[in-house]
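Beneath this line is the structure, given in structure tokens, with notes to follow.
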Amino acid sequence: MIELNALNKSFDGIKAVDNISVNIKEGNVFGLIGTNGAGKSTVMRIMTGILKPDSGEAVIDGEKVYNNIKAKSKFFFIADDHYFFATANATDMEKYYSALYPQFDKGMFFDYLSKFGLEPLRKINTFSKGMKRQLILLLGICANTKYLICDETFDGLDPVMRQSIKSIFSSEIEKRQLTPIIASHNLRELEDICDHVGLLHKGGVLLSKDLEDMKCSIQKIQCVFASDKEREKAEKNINIISDDVRGSLHTYTVRETEESIFRAFNGVETIFFEILPLSLEEIFISETEVAGYDIKKLILG
């Protein structure tokens with residue numbers, strides 16, 4: 001488990017990380033969401049021991065990370081501005097990371113290079129941005145560490161490559177309990193892969209919840225009632241977060257399970273009724289609006 005305990009960090013008097021506490025379970029995909037300047041990269045650099053927090057601590061499997069080689073051997077960090085040696089090729093980088101990570105799987109690495117169409121002896125400085133991102137991700141996966149910490153993982157990848165990397169993540173999670181921690185400014189990129197999502201804003205954690213729990217506890221209902229009396233009867237029995245009315249069609253976002261919704265609508269006469277799944281984006285909009293924030297401005301622009 002990775003534990004971030006009451007982290008604080010300032011630069012030139014500006015608070016970049018503000019009392020952040022988060023636990024990241026093993027074998028899950030943790031998504032860290034936030035706009036530019038929200039503190040994602042600073043949190044990741046504290047998590048990986050690159051930066052020392054002003055106060056608080058980052059702990060991996062019970063050990064503090066900062067200045068701790070043993071703790072750092074448990075993760076591979078892919079920074080947003082990842083670095084390759086000036087004249088290196090993929091084979092050179094494999095040799096370098098094999099020396100750092102004894103469990104590096106060379107066979108798997110060169111097999112992936114072939115599948116992704118990356119030439120082992122071609123100079124990396126001739127690669128496109130997307131090819132460089134593919135290479136560092138493959139190096140990170142093949143390092144066989146317990147944790148893979150990624151800042152803007154899918155930036156520069158086309159949709160096919162994004163799905164390929166997500167598939168590899170899923171396979172490695174099932175095979176060896178890999179724990180990816182992924183920072184992104186884009187909710188949509190993480191929706192189909194994350195188990196737990198944390199939302200950062202102005203250096204603090206706005207929200208941190210298991211995605212499945214959020215999906216089970218918030219639902220969307222679309223319905224047309226036979227009369228206002230029937231509508232009032234239903235509304236008494238559901239916890240309404242929002243109600244978007246267009247003509248006679250009501251679209252409710254409610255804090256209820258499907259089972260409790262069916263109970264609430266039992267005996268209510270409707271002309272049309274259905275329960276719809278919410279996207280991660282819709283869930284976050286609902287959760288943060290209840291907390292008094294407008295996520296559409298924070299995350300969706």
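Chains: A, B, ... in order of the structure tokens. Residues: from 1 per chain. Ligands: from 1, in order shown.
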Tell me, counting only C-alpha atoms, for each residue of stretch 173-224 of chain A within 7 Å of stretch 273-280 of chain A, which pair of atoms is nearest and how far apart they are in Å to one decimal, in rows ordered by chain and increasing number, as a Markdown table.
| residue | atom | partner | partner_atom | distance |
| --- | --- | --- | --- | --- |
| A:Leu187 | CA | A:Leu280 | CA | 7.0 |
| A:Glu191 | CA | A:Leu280 | CA | 5.8 |
| A:Gln219 | CA | A:Pro277 | CA | 6.6 |
| A:Lys220 | CA | A:Leu276 | CA | 5.3 |
| A:Ile221 | CA | A:Ile275 | CA | 4.6 |
| A:Gln222 | CA | A:Glu274 | CA | 5.5 |
| A:Cys223 | CA | A:Phe273 | CA | 4.2 |
| A:Val224 | CA | A:Phe273 | CA | 6.6 |
Deliver the residues from the most recent selection as a file, using N, CA and C atoms, as a PDB file, in the first residue's frame.
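New file result-v8.pdb:
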ATOM      1  N   LEU A 187     -10.707  13.204 -17.356  1.00  0.00           N
ATOM      2  CA  LEU A 187     -11.551  12.172 -16.760  1.00  0.00           C
ATOM      3  C   LEU A 187     -11.852  11.039 -17.725  1.00  0.00           C
ATOM      4  N   GLU A 191     -11.738   6.556 -17.281  1.00  0.00           N
ATOM      5  CA  GLU A 191     -13.023   5.986 -16.874  1.00  0.00           C
ATOM      6  C   GLU A 191     -13.063   4.464 -16.962  1.00  0.00           C
ATOM      7  N   GLN A 219     -27.350   7.314  -9.211  1.00  0.00           N
ATOM      8  CA  GLN A 219     -28.028   6.814 -10.405  1.00  0.00           C
ATOM      9  C   GLN A 219     -28.692   7.971 -11.157  1.00  0.00           C
ATOM     10  N   LYS A 220     -28.968   7.719 -12.420  1.00  0.00           N
ATOM     11  CA  LYS A 220     -29.735   8.678 -13.215  1.00  0.00           C
ATOM     12  C   LYS A 220     -31.073   8.030 -13.590  1.00  0.00           C
ATOM     13  N   ILE A 221     -32.148   8.784 -13.411  1.00  0.00           N
ATOM     14  CA  ILE A 221     -33.489   8.301 -13.748  1.00  0.00           C
ATOM     15  C   ILE A 221     -34.104   9.243 -14.767  1.00  0.00           C
ATOM     16  N   GLN A 222     -34.679   8.684 -15.806  1.00  0.00           N
ATOM     17  CA  GLN A 222     -35.475   9.474 -16.750  1.00  0.00           C
ATOM     18  C   GLN A 222     -36.909   8.960 -16.691  1.00  0.00           C
ATOM     19  N   CYS A 223     -37.846   9.881 -16.520  1.00  0.00           N
ATOM     20  CA  CYS A 223     -39.232   9.428 -16.439  1.00  0.00           C
ATOM     21  C   CYS A 223     -40.216  10.541 -16.801  1.00  0.00           C
ATOM     22  N   VAL A 224     -41.381  10.102 -17.250  1.00  0.00           N
ATOM     23  CA  VAL A 224     -42.526  10.985 -17.492  1.00  0.00           C
ATOM     24  C   VAL A 224     -43.653  10.468 -16.610  1.00  0.00           C
TER      25      VAL A 224
END
With 9 Å as the cut-off and only C-alpha atoms counted, what is the closest atom pair between each nearby residue of stretch 26-106 of chain A and stretch 169-184 of chain A? Distances in Å to one decimal, ordered by chain and number, as a Markdown table.
| residue | atom | partner | partner_atom | distance |
| --- | --- | --- | --- | --- |
| A:Glu26 | CA | A:Thr179 | CA | 5.6 |
| A:Gly27 | CA | A:Gln177 | CA | 4.5 |
| A:Asn28 | CA | A:Thr179 | CA | 5.5 |
| A:Val29 | CA | A:Pro180 | CA | 5.1 |
| A:Phe30 | CA | A:Ile181 | CA | 4.8 |
| A:Gly31 | CA | A:Ile182 | CA | 4.9 |
| A:Leu32 | CA | A:Ala183 | CA | 4.5 |
| A:Ile33 | CA | A:Ser184 | CA | 5.2 |
| A:Gly34 | CA | A:Ser184 | CA | 6.7 |
| A:Thr35 | CA | A:Ser184 | CA | 8.2 |
| A:Lys40 | CA | A:Ala183 | CA | 6.5 |
| A:Ser41 | CA | A:Ala183 | CA | 7.8 |
| A:Met44 | CA | A:Ala183 | CA | 8.2 |
Counting only C-alpha atoms, the option among A:Tyr96, A:Phe272, A:Phe77, A:Phe127 closest to A:Glu152: A:Phe77
Can you check which parts of stretch 48-103 of chain A lie within 7 Å of stretch 1-21 of chain A? Per residue, the shortest pair of atoms and distance in Å to one decimal, counting only C-alpha atoms, sorted by chain and number, as a Markdown table.
| residue | atom | partner | partner_atom | distance |
| --- | --- | --- | --- | --- |
| A:Pro53 | CA | A:Lys9 | CA | 5.3 |
| A:Asp54 | CA | A:Lys9 | CA | 5.1 |
| A:Ser55 | CA | A:Asn8 | CA | 5.3 |
| A:Gly56 | CA | A:Leu7 | CA | 4.4 |
| A:Glu57 | CA | A:Asn5 | CA | 5.4 |
| A:Ala58 | CA | A:Leu4 | CA | 4.7 |
| A:Val59 | CA | A:Glu3 | CA | 5.0 |
| A:Ile60 | CA | A:Ile2 | CA | 4.6 |
| A:Asp61 | CA | A:Met1 | CA | 5.2 |
Selected residues written out with N, CA and C atoms, as a PDB file, in the first residue's frame:
ATOM      1  N   PRO A  53       8.696  16.564   1.182  1.00  0.00           N
ATOM      2  CA  PRO A  53       7.589  17.437   1.601  1.00  0.00           C
ATOM      3  C   PRO A  53       8.031  18.375   2.718  1.00  0.00           C
ATOM      4  N   ASP A  54       7.384  19.519   2.801  1.00  0.00           N
ATOM      5  CA  ASP A  54       7.650  20.431   3.917  1.00  0.00           C
ATOM      6  C   ASP A  54       7.205  19.806   5.231  1.00  0.00           C
ATOM      7  N   SER A  55       6.115  19.055   5.154  1.00  0.00           N
ATOM      8  CA  SER A  55       5.635  18.287   6.308  1.00  0.00           C
ATOM      9  C   SER A  55       4.824  17.109   5.793  1.00  0.00           C
ATOM     10  N   GLY A  56       4.616  16.123   6.659  1.00  0.00           N
ATOM     11  CA  GLY A  56       3.945  14.900   6.241  1.00  0.00           C
ATOM     12  C   GLY A  56       4.941  13.914   5.657  1.00  0.00           C
ATOM     13  N   GLU A  57       4.429  12.777   5.170  1.00  0.00           N
ATOM     14  CA  GLU A  57       5.321  11.745   4.637  1.00  0.00           C
ATOM     15  C   GLU A  57       4.620  10.871   3.612  1.00  0.00           C
ATOM     16  N   ALA A  58       5.439  10.345   2.682  1.00  0.00           N
ATOM     17  CA  ALA A  58       4.973   9.352   1.713  1.00  0.00           C
ATOM     18  C   ALA A  58       5.576   8.013   2.119  1.00  0.00           C
ATOM     19  N   VAL A  59       4.718   6.986   2.210  1.00  0.00           N
ATOM     20  CA  VAL A  59       5.138   5.676   2.711  1.00  0.00           C
ATOM     21  C   VAL A  59       4.719   4.602   1.717  1.00  0.00           C
ATOM     22  N   ILE A  60       5.670   3.720   1.359  1.00  0.00           N
ATOM     23  CA  ILE A  60       5.367   2.581   0.492  1.00  0.00           C
ATOM     24  C   ILE A  60       5.620   1.294   1.255  1.00  0.00           C
ATOM     25  N   ASP A  61       4.578   0.495   1.402  1.00  0.00           N
ATOM     26  CA  ASP A  61       4.668  -0.781   2.135  1.00  0.00           C
ATOM     27  C   ASP A  61       5.346  -0.616   3.485  1.00  0.00           C
TER      28      ASP A  61
END
Neighbour list for A:Ala88 as a list in words, cut-off 12 Å, only C-alpha atoms, skip fewer than 6 positions in-chain: Glu94, Lys95, Tyr96, Pro120, Leu121, Arg122, Lys123, Ile124, Asn125, Thr126, Phe127 and Lys132 of chain A
Expected answer as number ranges by chain: alpha helix (DSSP H) residues in stretch 20-84 of chain A: A: 40-47, 69-72
Which of A:Asp80, A:Ile149, A:His250, A:Leu139 sits closest to A:Gly49 [using only C-alpha atoms]: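 The answer is A:Ile149, which sits nearest to A:Gly49.
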Option closest in space to A:Glu281, from A:Arg133, A:Lys115, A:Lys215, A:Arg45 [counting only C-alpha atoms]: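 Under the stated criterion, the closest residue is A:Lys215.
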Which of A:Val43, A:Cys142, A:Phe104, A:Leu190 sits closest to A:Gln163 [using only C-alpha atoms]: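 Among the listed residues, the smallest separation from A:Gln163 belongs to A:Leu190.
With only C-alpha atoms as the atoms that count, the minimum distance from A:Thr251 to the choices A:Arg188, A:Ser73, A:Gly130, A:Phe225 is reached by A:Phe225.
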Picked from stretch 24-267 of chain A by DSSP as strand (DSSP E), as number ranges by chain: A: 24, 30-33, 55-60, 63-64, 75-78, 147-151, 179-184, 196-201, 204-210, 219-225, 240-246, 249-254
Could those residues be written to a file, using C-alpha atoms, as an mmCIF file, in the first residue's frame?
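Final output, out-v6.cif:
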data_model
loop_
_atom_site.group_PDB
_atom_site.id
_atom_site.type_symbol
_atom_site.label_atom_id
_atom_site.label_comp_id
_atom_site.auth_asym_id
_atom_site.auth_seq_id
_atom_site.Cartn_x
_atom_site.Cartn_y
_atom_site.Cartn_z
ATOM 1 C CA ILE A 24 -3.609 3.570 -2.517
ATOM 2 C CA PHE A 30 -5.639 4.601 -8.908
ATOM 3 C CA GLY A 31 -6.448 7.661 -10.997
ATOM 4 C CA LEU A 32 -5.316 11.104 -9.857
ATOM 5 C CA ILE A 33 -7.349 13.775 -11.638
ATOM 6 C CA SER A 55 5.635 18.287 6.308
ATOM 7 C CA GLY A 56 3.945 14.900 6.241
ATOM 8 C CA GLU A 57 5.321 11.745 4.637
ATOM 9 C CA ALA A 58 4.973 9.352 1.713
ATOM 10 C CA VAL A 59 5.138 5.676 2.711
ATOM 11 C CA ILE A 60 5.367 2.581 0.492
ATOM 12 C CA GLU A 63 8.664 2.436 4.562
ATOM 13 C CA LYS A 64 9.232 6.150 4.054
ATOM 14 C CA PHE A 75 8.141 1.402 -8.228
ATOM 15 C CA PHE A 76 8.891 2.678 -11.725
ATOM 16 C CA PHE A 77 8.118 6.349 -12.245
ATOM 17 C CA ILE A 78 7.170 7.731 -15.655
ATOM 18 C CA TYR A 147 3.944 -0.091 -8.526
ATOM 19 C CA LEU A 148 3.931 1.811 -11.815
ATOM 20 C CA ILE A 149 3.535 5.546 -11.245
ATOM 21 C CA CYS A 150 2.640 7.518 -14.376
ATOM 22 C CA ASP A 151 2.206 11.240 -14.949
ATOM 23 C CA THR A 179 -0.633 -1.362 -9.079
ATOM 24 C CA PRO A 180 -0.704 1.506 -11.602
ATOM 25 C CA ILE A 181 -1.091 5.054 -10.279
ATOM 26 C CA ILE A 182 -2.068 7.354 -13.147
ATOM 27 C CA ALA A 183 -2.240 11.146 -13.075
ATOM 28 C CA SER A 184 -4.267 12.873 -15.766
ATOM 29 C CA HIS A 196 -10.327 4.387 -7.378
ATOM 30 C CA VAL A 197 -10.194 8.050 -8.332
ATOM 31 C CA GLY A 198 -8.900 11.073 -6.445
ATOM 32 C CA LEU A 199 -9.692 14.613 -7.554
ATOM 33 C CA LEU A 200 -7.154 17.356 -6.811
ATOM 34 C CA HIS A 201 -7.912 21.063 -6.829
ATOM 35 C CA GLY A 204 -5.879 19.594 -1.956
ATOM 36 C CA VAL A 205 -7.973 16.443 -2.334
ATOM 37 C CA LEU A 206 -11.505 17.414 -3.278
ATOM 38 C CA LEU A 207 -12.756 13.847 -3.501
ATOM 39 C CA SER A 208 -11.287 10.335 -3.179
ATOM 40 C CA LYS A 209 -13.566 7.333 -3.664
ATOM 41 C CA ASP A 210 -13.798 3.852 -5.143
ATOM 42 C CA GLN A 219 -28.028 6.814 -10.405
ATOM 43 C CA LYS A 220 -29.735 8.678 -13.215
ATOM 44 C CA ILE A 221 -33.489 8.301 -13.748
ATOM 45 C CA GLN A 222 -35.475 9.474 -16.750
ATOM 46 C CA CYS A 223 -39.232 9.428 -16.439
ATOM 47 C CA VAL A 224 -42.526 10.985 -17.492
ATOM 48 C CA PHE A 225 -45.193 10.918 -14.785
ATOM 49 C CA ILE A 240 -32.523 13.970 -5.398
ATOM 50 C CA ILE A 241 -29.209 15.637 -6.246
ATOM 51 C CA SER A 242 -30.520 17.354 -9.376
ATOM 52 C CA ASP A 243 -33.628 17.415 -11.566
ATOM 53 C CA ASP A 244 -33.358 18.500 -15.197
ATOM 54 C CA VAL A 245 -36.861 19.112 -16.562
ATOM 55 C CA ARG A 246 -37.496 19.316 -20.302
ATOM 56 C CA LEU A 249 -39.465 14.560 -19.092
ATOM 57 C CA HIS A 250 -37.667 14.585 -15.729
ATOM 58 C CA THR A 251 -34.006 13.537 -15.604
ATOM 59 C CA TYR A 252 -33.071 12.983 -11.977
ATOM 60 C CA THR A 253 -29.611 12.375 -10.565
ATOM 61 C CA VAL A 254 -30.233 10.630 -7.247
#
Distance criterion (only C-alpha atoms): nearest to A:Gly117 out of A:Tyr101, A:Asn144, A:Tyr66, A:Gln134: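 Closest to A:Gly117, using only C-alpha atoms: A:Gln134.
Take atom CA of A:Glu232 and atom CA of A:Glu282: the distance between them is 25.1 Å.
Our summary of the geometry notes that atom CA of A:Thr145 is positioned 14.0 Å from atom CA of A:Met108.
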Atom-to-atom span, atom CA of A:Gly247 and atom CA of A:Ile218, Å: 23.8 Å
